[in-house]
>>> print(open('input_8.cif').read())   # mmCIF, C-alpha atoms and all ligand atoms
data_start
loop_
_atom_site.label_atom_id
_atom_site.label_comp_id
_atom_site.auth_asym_id
_atom_site.auth_seq_id
_atom_site.Cartn_x
_atom_site.Cartn_y
_atom_site.Cartn_z
CA MET A 11 113.52 99.51 22.28
CA ILE A 12 110.48 98.85 24.46
CA LYS A 13 108.65 96.28 22.38
CA LEU A 14 104.91 96.28 21.86
CA PHE A 15 104.67 92.55 22.54
CA GLN A 16 106.89 90.09 24.33
CA PRO A 17 106.31 86.32 23.99
CA HIS A 18 106.29 84.55 27.33
CA MET A 19 108.33 81.33 27.32
CA PRO A 20 109.54 80.13 30.74
CA LYS A 21 112.73 78.06 30.93
CA SER A 22 110.73 75.41 32.79
CA VAL A 23 109.18 74.45 29.42
CA ASP A 24 112.51 73.04 28.19
CA GLN A 25 112.61 69.75 30.06
CA PRO A 26 109.01 68.57 29.48
CA LEU A 27 109.25 69.72 25.87
CA LEU A 28 112.37 67.67 25.20
CA GLN A 29 110.72 64.71 26.86
CA VAL A 30 107.62 64.84 24.70
CA LEU A 31 109.61 65.56 21.52
CA HIS A 32 111.51 62.32 21.94
CA SER A 33 108.68 60.29 23.45
CA GLY A 34 107.65 58.71 20.17
CA TYR A 35 104.20 60.33 20.47
CA ILE A 36 103.95 63.97 19.39
CA THR A 37 100.50 64.37 17.86
CA GLN A 38 97.21 64.71 19.78
CA GLY A 39 97.44 62.51 22.85
CA PRO A 40 97.46 62.61 26.66
CA LYS A 41 99.14 66.02 26.87
CA VAL A 42 96.24 67.57 24.95
CA ASP A 43 93.76 66.11 27.47
CA GLU A 44 95.91 67.33 30.35
CA PHE A 45 96.15 70.81 28.84
CA GLU A 46 92.38 71.05 28.37
CA GLN A 47 91.69 69.97 31.96
CA LYS A 48 94.23 72.43 33.31
CA PHE A 49 92.83 75.24 31.14
CA CYS A 50 89.38 74.58 32.65
CA ASP A 51 90.81 74.52 36.18
CA VAL A 52 92.75 77.76 35.75
CA PHE A 53 90.01 79.76 34.03
CA GLY A 54 86.91 78.16 35.56
CA HIS A 55 85.43 76.80 32.33
CA LYS A 56 83.38 73.61 32.31
CA ASN A 57 84.88 72.46 29.02
CA ALA A 58 87.68 73.41 26.65
CA VAL A 59 88.44 72.14 23.15
CA SER A 60 92.05 72.81 22.22
CA ILE A 61 92.59 73.82 18.62
CA ASN A 62 95.57 74.58 16.38
CA SER A 63 94.86 78.35 16.24
CA GLY A 64 92.43 81.03 17.31
CA THR A 65 91.36 81.39 13.67
CA SER A 66 90.47 77.69 13.56
CA ALA A 67 88.55 78.04 16.84
CA LEU A 68 86.50 80.86 15.28
CA THR A 69 85.89 78.82 12.11
CA LEU A 70 84.73 75.86 14.18
CA ALA A 71 82.47 78.07 16.32
CA LEU A 72 80.80 79.48 13.20
CA ARG A 73 80.32 75.99 11.84
CA LEU A 74 78.80 74.80 15.14
CA ALA A 75 76.55 77.87 15.09
CA GLY A 76 75.13 76.53 11.83
CA VAL A 77 76.64 79.26 9.63
CA GLY A 78 76.83 78.25 5.98
CA PRO A 79 76.59 79.60 2.43
CA GLY A 80 74.28 82.61 2.11
CA ASP A 81 73.90 83.18 5.87
CA GLU A 82 74.67 86.49 7.52
CA VAL A 83 76.90 87.04 10.53
CA ILE A 84 76.74 90.40 12.29
CA THR A 85 80.27 91.33 13.26
CA THR A 86 82.67 94.13 14.03
CA PRO A 87 84.98 95.54 11.34
CA MET A 88 87.41 96.75 14.03
CA THR A 89 89.36 93.60 14.68
CA CYS A 90 91.99 91.21 13.37
CA THR A 91 91.13 89.80 9.95
CA ALA A 92 91.10 86.42 11.70
CA THR A 93 87.68 87.30 13.13
CA ASN A 94 86.02 87.86 9.78
CA LEU A 95 87.89 85.75 7.22
CA PRO A 96 86.38 82.55 8.68
CA ILE A 97 82.91 83.96 7.88
CA LEU A 98 83.94 84.21 4.21
CA SER A 99 85.53 80.76 4.33
CA LEU A 100 82.11 79.30 5.19
CA GLY A 101 80.47 81.08 2.27
CA ALA A 102 78.60 83.43 4.59
CA LYS A 103 78.31 87.21 4.54
CA PRO A 104 79.82 89.47 7.21
CA VAL A 105 77.38 92.25 8.10
CA PHE A 106 79.41 94.97 9.73
CA ALA A 107 78.02 96.70 12.78
CA ASP A 108 79.21 99.95 14.32
CA ILE A 109 81.32 100.10 17.47
CA ASP A 110 81.54 102.30 20.52
CA PRO A 111 83.70 105.28 19.42
CA ILE A 112 85.96 105.12 22.47
CA SER A 113 86.11 101.51 23.69
CA GLY A 114 86.10 99.89 20.24
CA LEU A 115 83.56 97.29 21.43
CA ILE A 116 80.68 96.35 19.13
CA SER A 117 77.60 98.56 19.58
CA THR A 118 74.72 96.36 20.72
CA ASN A 119 72.35 99.04 19.46
CA SER A 120 73.83 98.78 15.98
CA VAL A 121 73.70 94.96 16.15
CA SER A 122 70.00 94.92 16.98
CA LYS A 123 69.21 96.97 13.87
CA LEU A 124 71.03 94.62 11.50
CA VAL A 125 69.22 91.35 12.22
CA THR A 126 67.48 89.88 9.15
CA THR A 127 65.90 86.52 8.38
CA LYS A 128 69.32 85.42 7.07
CA THR A 129 71.24 86.23 10.25
CA LYS A 130 72.65 83.14 11.98
CA ALA A 131 75.15 84.52 14.45
CA ILE A 132 76.63 87.56 16.14
CA MET A 133 80.41 87.76 16.38
CA ALA A 134 81.80 90.15 19.00
CA VAL A 135 85.40 90.92 19.96
CA ASP A 136 86.74 91.78 23.40
CA TRP A 137 88.79 94.64 22.00
CA SER A 138 91.95 95.19 24.09
CA GLY A 139 90.76 92.47 26.49
CA SER A 140 87.77 94.45 27.77
CA PRO A 141 84.59 92.38 27.99
CA VAL A 142 81.82 92.88 25.44
CA ASP A 143 78.27 93.07 26.77
CA VAL A 144 77.34 89.42 26.25
CA GLU A 145 74.15 89.76 28.31
CA THR A 146 72.64 92.20 25.80
CA LEU A 147 73.94 90.23 22.81
CA ASN A 148 72.41 87.05 24.27
CA ALA A 149 69.07 88.85 24.62
CA ILE A 150 69.16 89.94 20.94
CA ALA A 151 70.16 86.40 19.99
CA ALA A 152 67.36 84.83 22.04
CA ASP A 153 64.75 87.05 20.36
CA ASN A 154 65.97 86.06 16.91
CA ASN A 155 67.21 82.50 17.34
CA LEU A 156 70.88 83.40 16.79
CA LYS A 157 74.15 82.21 18.31
CA VAL A 158 76.64 84.50 20.03
CA ILE A 159 80.34 83.96 19.40
CA VAL A 160 82.92 85.94 21.36
CA ASP A 161 86.37 86.33 19.88
CA ALA A 162 88.34 86.60 23.11
CA ALA A 163 91.79 86.48 21.48
CA HIS A 164 92.72 89.70 23.34
CA ALA A 165 91.04 88.64 26.53
CA LEU A 166 92.36 85.50 28.18
CA GLY A 167 91.23 85.66 31.82
CA THR A 168 88.50 88.26 31.20
CA ASN A 169 85.06 87.49 32.63
CA HIS A 170 81.83 88.38 30.81
CA ASN A 171 78.49 89.43 32.31
CA ALA A 172 76.89 86.31 30.75
CA GLU A 173 78.06 83.20 28.92
CA PRO A 174 78.05 83.33 25.12
CA ASP A 175 77.36 80.20 23.06
CA PHE A 176 81.02 80.09 22.03
CA THR A 177 84.18 81.74 23.35
CA CYS A 178 87.33 81.56 21.22
CA TYR A 179 90.84 82.12 22.54
CA SER A 180 94.14 82.42 20.70
CA LEU A 181 97.42 81.02 22.04
CA GLN A 182 99.48 82.44 19.20
CA ALA A 183 103.07 83.54 19.88
CA ILE A 184 102.46 86.99 21.37
CA LYS A 185 99.22 86.37 23.25
CA HIS A 186 99.06 86.40 27.09
CA ILE A 187 100.17 82.77 27.13
CA THR A 188 101.20 80.81 24.09
CA THR A 189 101.58 77.33 22.65
CA VAL A 190 103.52 78.98 19.74
CA ASP A 191 100.31 78.65 17.76
CA GLY A 192 97.08 77.38 19.20
CA GLY A 193 93.58 78.18 20.29
CA VAL A 194 90.82 77.09 22.64
CA LEU A 195 87.10 76.88 22.00
CA ILE A 196 84.66 76.96 24.92
CA CYS A 197 81.10 75.78 24.22
CA ALA A 198 78.15 76.66 26.47
CA ASP A 199 76.21 73.63 25.24
CA ASP A 200 77.48 70.09 25.93
CA LYS A 201 76.28 68.86 22.54
CA ASP A 202 78.34 71.56 20.80
CA TYR A 203 81.31 70.61 22.94
CA HIS A 204 81.17 66.95 21.86
CA ARG A 205 80.56 67.86 18.21
CA ALA A 206 83.51 70.30 18.34
CA LYS A 207 85.80 67.49 19.46
CA VAL A 208 84.68 65.34 16.54
CA LEU A 209 84.83 68.11 13.94
CA ARG A 210 88.32 69.21 14.96
CA TRP A 211 89.69 65.86 13.74
CA PHE A 212 88.20 64.96 10.36
CA GLY A 213 84.77 64.12 11.84
CA ILE A 214 86.05 61.10 13.76
CA ASP A 215 85.25 60.62 17.44
CA ARG A 216 88.53 59.68 19.09
CA GLU A 217 86.75 58.96 22.36
CA LEU A 218 84.63 56.08 21.04
CA PRO A 219 86.16 52.74 21.88
CA SER A 220 87.45 51.31 18.61
CA LEU A 221 90.48 49.28 17.63
CA ASP A 222 91.47 51.65 14.86
CA SER A 223 89.33 54.78 14.80
CA ARG A 224 90.12 55.81 11.21
CA ILE A 225 89.21 52.37 9.90
CA ASP A 226 86.43 51.25 12.22
CA GLN A 227 84.47 54.49 12.31
CA ASP A 228 82.34 56.00 9.62
CA ILE A 229 82.52 59.76 8.98
CA GLU A 230 79.00 61.10 9.11
CA GLU A 231 79.89 64.77 8.93
CA TRP A 232 83.02 66.29 7.41
CA GLY A 233 85.48 67.75 9.85
CA TYR A 234 88.71 69.71 9.86
CA LYS A 235 92.27 69.01 10.89
CA PHE A 236 92.20 71.61 13.64
CA HIS A 237 93.36 69.65 16.68
CA MET A 238 96.18 70.66 19.02
CA ASN A 239 99.20 68.35 19.27
CA ASP A 240 101.08 67.08 22.34
CA VAL A 241 104.10 69.32 21.66
CA ALA A 242 102.01 72.50 21.72
CA ALA A 243 99.99 71.17 24.67
CA THR A 244 103.17 70.51 26.67
CA ILE A 245 104.18 74.14 26.22
CA GLY A 246 100.64 75.16 27.15
CA ILE A 247 100.60 73.09 30.35
CA GLU A 248 103.73 74.83 31.58
CA GLN A 249 102.47 78.25 30.45
CA LEU A 250 99.29 77.76 32.47
CA ASN A 251 101.39 77.61 35.65
CA HIS A 252 102.25 81.26 34.96
CA ALA A 253 98.90 82.47 33.62
CA ASP A 254 97.71 84.24 36.80
CA TYR A 255 100.92 86.18 37.17
CA ILE A 256 101.12 87.07 33.47
CA ILE A 257 97.53 88.29 33.25
CA GLN A 258 97.89 90.22 36.50
CA ALA A 259 100.98 91.97 35.09
CA TYR A 260 99.01 93.10 32.00
CA ARG A 261 96.20 94.35 34.26
CA GLU A 262 98.51 96.28 36.56
CA ASN A 263 100.34 97.87 33.64
CA ALA A 264 97.02 98.89 32.09
CA ALA A 265 95.82 100.40 35.37
CA TYR A 266 99.06 102.36 35.66
CA LEU A 267 98.88 103.71 32.09
CA HIS A 268 95.22 104.54 32.57
CA GLU A 269 95.96 106.52 35.71
CA MET A 270 99.10 108.31 34.55
CA LEU A 271 98.47 109.25 30.91
CA ASP A 272 97.36 112.82 30.23
CA LYS A 273 93.58 112.52 30.00
CA SER A 274 93.16 116.03 28.70
CA PHE A 275 94.93 114.84 25.54
CA TYR A 276 94.40 111.07 25.24
CA ALA A 277 90.86 109.69 25.23
CA MET A 278 90.57 106.29 26.87
CA ALA A 279 87.67 104.00 27.68
CA PRO A 280 87.01 103.55 31.42
CA LEU A 281 89.30 100.96 33.00
CA THR A 282 87.71 97.50 33.08
CA GLU A 283 88.56 94.22 34.77
CA GLY A 284 89.67 92.90 31.40
CA SER A 285 93.08 91.40 30.74
CA TYR A 286 94.43 94.14 28.42
CA TRP A 287 96.42 92.29 25.78
CA ILE A 288 96.71 95.74 24.17
CA PHE A 289 96.27 99.20 25.65
CA THR A 290 94.45 101.61 23.34
CA VAL A 291 94.39 105.39 23.47
CA LEU A 292 92.73 107.80 21.05
CA LEU A 293 94.65 110.83 19.83
CA PRO A 294 92.75 114.11 19.41
CA ASN A 295 92.78 113.68 15.62
CA SER A 296 93.97 111.33 12.91
CA LYS A 297 96.71 113.68 11.65
CA LEU A 298 98.63 113.37 14.91
CA ARG A 299 98.90 109.60 14.74
CA ARG A 300 101.88 109.37 12.40
CA GLN A 301 103.69 112.10 14.42
CA PHE A 302 102.93 110.25 17.65
CA LYS A 303 104.25 106.98 16.27
CA GLU A 304 107.45 108.67 15.04
CA TYR A 305 107.92 110.48 18.34
CA MET A 306 107.47 107.34 20.44
CA GLU A 307 109.72 105.28 18.17
CA ASP A 308 112.39 108.01 18.21
CA HIS A 309 112.29 107.46 21.96
CA ASP A 310 112.62 103.68 21.51
CA ILE A 311 109.01 102.79 22.31
CA MET A 312 107.06 100.70 19.83
CA VAL A 313 103.44 101.64 19.23
CA SER A 314 101.02 100.37 16.59
CA GLN A 315 97.42 100.28 15.48
CA VAL A 316 97.76 96.46 15.67
CA HIS A 317 94.59 95.88 13.58
CA LYS A 318 93.13 97.75 10.61
CA ARG A 319 89.38 98.14 10.18
CA ASN A 320 88.50 95.09 8.12
CA ASP A 321 86.08 96.82 5.77
CA GLU A 322 89.03 98.62 4.18
CA TYR A 323 90.53 95.39 2.84
CA ALA A 324 89.49 94.66 -0.75
CA VAL A 325 88.15 91.27 0.26
CA PHE A 326 85.62 92.87 2.64
CA LYS A 327 84.72 95.96 0.60
CA PRO A 328 81.67 94.34 -1.03
CA TYR A 329 80.18 93.89 2.45
CA LYS A 330 80.31 97.61 3.20
CA VAL A 331 77.44 98.06 0.82
CA SER A 332 74.19 98.49 2.62
CA THR A 333 71.67 98.60 -0.20
CA TYR A 334 71.36 99.09 -3.91
CA SER A 335 68.68 101.65 -4.69
CA GLU A 336 67.81 102.86 -8.18
CA GLY A 337 71.16 101.64 -9.41
CA GLU A 338 73.14 103.44 -6.71
CA LEU A 339 75.27 101.95 -3.98
CA TYR A 340 74.69 103.11 -0.45
CA TYR A 341 77.44 102.67 2.04
CA ARG A 342 76.52 102.15 5.64
CA ASP A 343 77.67 104.78 8.09
CA PHE A 344 80.04 103.67 10.82
CA PRO A 345 80.62 106.84 12.84
CA GLY A 346 81.97 104.85 15.79
CA VAL A 347 84.37 102.87 13.60
CA ASP A 348 85.48 106.08 11.82
CA ASN A 349 86.22 107.88 15.07
CA PHE A 350 87.96 104.94 16.71
CA SER A 351 89.96 103.66 13.76
CA GLU A 352 91.24 107.09 12.70
CA ARG A 353 92.43 108.10 16.16
CA MET A 354 93.47 104.94 17.97
CA ILE A 355 96.94 103.64 18.72
CA CYS A 356 98.17 100.93 21.09
CA LEU A 357 100.95 101.31 23.66
CA PRO A 358 103.09 98.55 25.22
CA VAL A 359 101.32 96.97 28.21
CA HIS A 360 102.85 93.48 28.24
CA TRP A 361 103.90 91.37 31.21
CA ALA A 362 107.64 92.02 30.78
CA LEU A 363 107.53 95.82 31.19
CA THR A 364 109.62 97.05 34.10
CA SER A 365 108.50 99.97 36.25
CA GLU A 366 111.16 102.05 34.44
CA ASP A 367 109.61 101.04 31.09
CA ARG A 368 106.16 102.08 32.29
CA ASP A 369 107.44 105.42 33.52
CA LYS A 370 109.23 106.02 30.25
CA ILE A 371 106.08 105.23 28.24
CA VAL A 372 104.00 107.62 30.34
CA GLN A 373 106.60 110.41 30.40
CA THR A 374 107.23 110.20 26.65
CA ALA A 375 103.54 110.10 25.73
CA ASN A 376 102.76 112.98 28.11
CA ALA A 377 105.70 114.99 26.72
CA PHE A 378 104.25 114.50 23.22
CA ALA A 379 100.90 115.79 24.51
CA GLU A 380 102.62 118.83 26.02
CA LEU A 381 104.36 119.60 22.71
CA GLN A 382 100.98 119.85 20.96
CA ARG A 383 99.71 122.65 23.24
C1 LIG B 1 91.03 89.60 17.66
C2 LIG B 1 91.76 88.39 17.15
N1 LIG B 1 91.05 87.35 16.72
C3 LIG B 1 91.64 86.24 16.26
C4 LIG B 1 93.01 86.13 16.19
C5 LIG B 1 93.60 84.92 15.57
O1 LIG B 1 94.30 84.11 16.40
P1 LIG B 1 95.37 83.08 15.81
O2 LIG B 1 96.55 83.88 15.35
O3 LIG B 1 95.65 82.20 16.98
O4 LIG B 1 94.73 82.35 14.69
C6 LIG B 1 93.80 87.19 16.64
C7 LIG B 1 95.26 87.10 16.56
O5 LIG B 1 96.00 88.04 16.73
C8 LIG B 1 93.16 88.36 17.13
O6 LIG B 1 93.86 89.42 17.55
#
>>> encode(input="input_8.cif", output="structure tokens")
Amino acid sequence: MIKLFQPHMPKSVDQPLLQVLHSGYITQGPKVDEFEQKFCDVFGHKNAVSINSGTSALTLALRLAGVGPGDEVITTPMTCTATNLPILSLGAKPVFADIDPISGLISTNSVSKLVTTKTKAIMAVDWSGSPVDVETLNAIAADNNLKVIVDAAHALGTNHNAEPDFTCYSLQAIKHITTVDGGVLICADDKDYHRAKVLRWFGIDRELPSLDSRIDQDIEEWGYKFHMNDVAATIGIEQLNHADYIIQAYRENAAYLHEMLDKSFYAMAPLTEGSYWIFTVLLPNSKLRRQFKEYMEDHDIMVSQVHKRNDEYAVFKPYKVSTYSEGELYYRDFPGVDNFSERMICLPVHWALTSEDRDKIVQTANAFAELQR
């Protein structure tokens, strides 16, 4: 079976991991600092706050953006639930925007129409690892005093056309590189960066000189227990040695699929310089999706939608409602989300595919297309 995802865990992790496991110090310590510095060096960020998951990084970003009870966050429904559940956890309201019907990226046009006096932040996702248009989102944010948060869980190594206030990465098991579970938060503003480091550990500043930080320091603002530990960081440090190669492999596989798949049958967004954690194609119609999945899996190739549009989960249904008028509910139209979510499916694109695997994926998918004619 050609798997949809393949965790990357080099053998060279073993020795440093054993060392740290038996070092007598396994929680947040020097390895976390080393990991953060290396992450900045590899990806060209000026700061990085390591976190225990991508979901926690998103929660922290929302908190730093000032999102609280009653606030609105404009967001995409076409994503992992991890993007939008943190909005609910802060007592805020997700306001779903439409997306581009082919790329799956949030529609900046739709975003601009949804800003109200309650809006605090815009949450955008680099679907499939392709970069969202941060420049336009920043302009909307600047006009309305909002913060821009990019969920870049699919997009390690992807560059944006401008810097958002917050960028959140996931290092969960099947992401480009992994610390088994983990995340990284990048803050554009130095003050946010320092506050993030305090809020990730109960609200205590571990960098202030004190004999015993938990005892000597007051907690002025409640924080989380979101920090990374030295075991995860040790895995991350070793993974970072392979990041360029891994991300390049995803990119090359995506370019190959993009070139070779039958474009008269599969709709695809233009190829970007993104890092393609998933590779999405749109089938001509929703009815073909189940058949396509069965056909590919009969040929030992895993395919999946990976994420379900969030507004279909019961927990998010109340936020589909646009207005109440004369006792009636009006549901917002999401033509882009409808088109994309009904037709899309993701093919294997991961670093471990061989050239034979890639050929088999293309030949099988193109044979399916031929059968439909
Ligand atoms: C778009 C998106 N956001 C957030 C996350 C959450 O990351 P984590 O599993 O590290 O919490 C994921 C994980 O798959 C994701 O795909």
>>> atom_distance(input="input_8.cif", atom1="CA of Ile225 (chain A)", atom2="CA of Lys41 (chain A)")
23.9 Å
>>> atom_distance(input="input_8.cif", atom1="CA of Lys235 (chain A)", atom2="CA of Leu209 (chain A)")
8.1 Å
>>> residues_near_ligand(input="input_8.cif", ligand="ligand LIG 1 (chain B)", cutoff="10 Å", atoms="all atoms listed in the file", output="JSON, numbers by chain")
{"A": [61, 62, 63, 64, 65, 66, 67, 68, 69, 88, 89, 90, 91, 92, 93, 94, 95, 96, 134, 135, 136, 137, 138, 139, 160, 161, 162, 163, 164, 165, 178, 179, 180, 181, 182, 183, 184, 185, 188, 189, 190, 191, 192, 193, 194, 287, 288, 316, 317]}
>>> residues_around(input="input_8.cif", residues="region 47-56 of chain A", least_positions_apart="4", cutoff="12 Å", atoms="all atoms listed in the file", output="count of residues only")
38
>>> atom_distance(input="input_8.cif", atom1="CA of Phe275 (chain A)", atom2="CA of Ile256 (chain A)")
29.5 Å
>>> residues_around(input="input_8.cif", residues="Gln301 (chain A)", least_positions_apart="3", cutoff="12 Å", atoms="only C-alpha atoms", output="PyMOL selection string")
chain A and resi 293+295-298+304-308+313+355+375+378-379+381-382
>>> axis_aligned_box(input="input_8.cif", around="region 146-160 of chain A", padding_each_side="4 Å", output="AutoDock Vina command-line options")
--center_x 73.8 --center_y 87.2 --center_z 21.3 --size_x 26.2 --size_y 18.0 --size_z 17.0
>>> closest_residue(input="input_8.cif", among="A:Ala377, A:Ala151, A:Met354, A:Val59", to="Lys207 (chain A)", atoms="only C-alpha atoms")
A:Val59
>>> residues_around(input="input_8.cif", residues="Gln373 (chain A)", least_positions_apart="3", cutoff="12 Å", atoms="only C-alpha atoms", output="ChimeraX atom specification")
/A:267,270-272,306,309,311,366-370,376-380
>>> closest_residue(input="input_8.cif", among="A:Ile112, A:Ile97, A:Val144, A:Leu124", to="Asp348 (chain A)", atoms="all atoms listed in the file")
A:Ile112
>>> residues_around(input="input_8.cif", residues="Pro79 (chain A)", least_positions_apart="3", cutoff="9 Å", atoms="all atoms listed in the file", output="list in words")
Glu82, Leu98, Leu100, Gly101, Ala102 and Lys103 of chain A
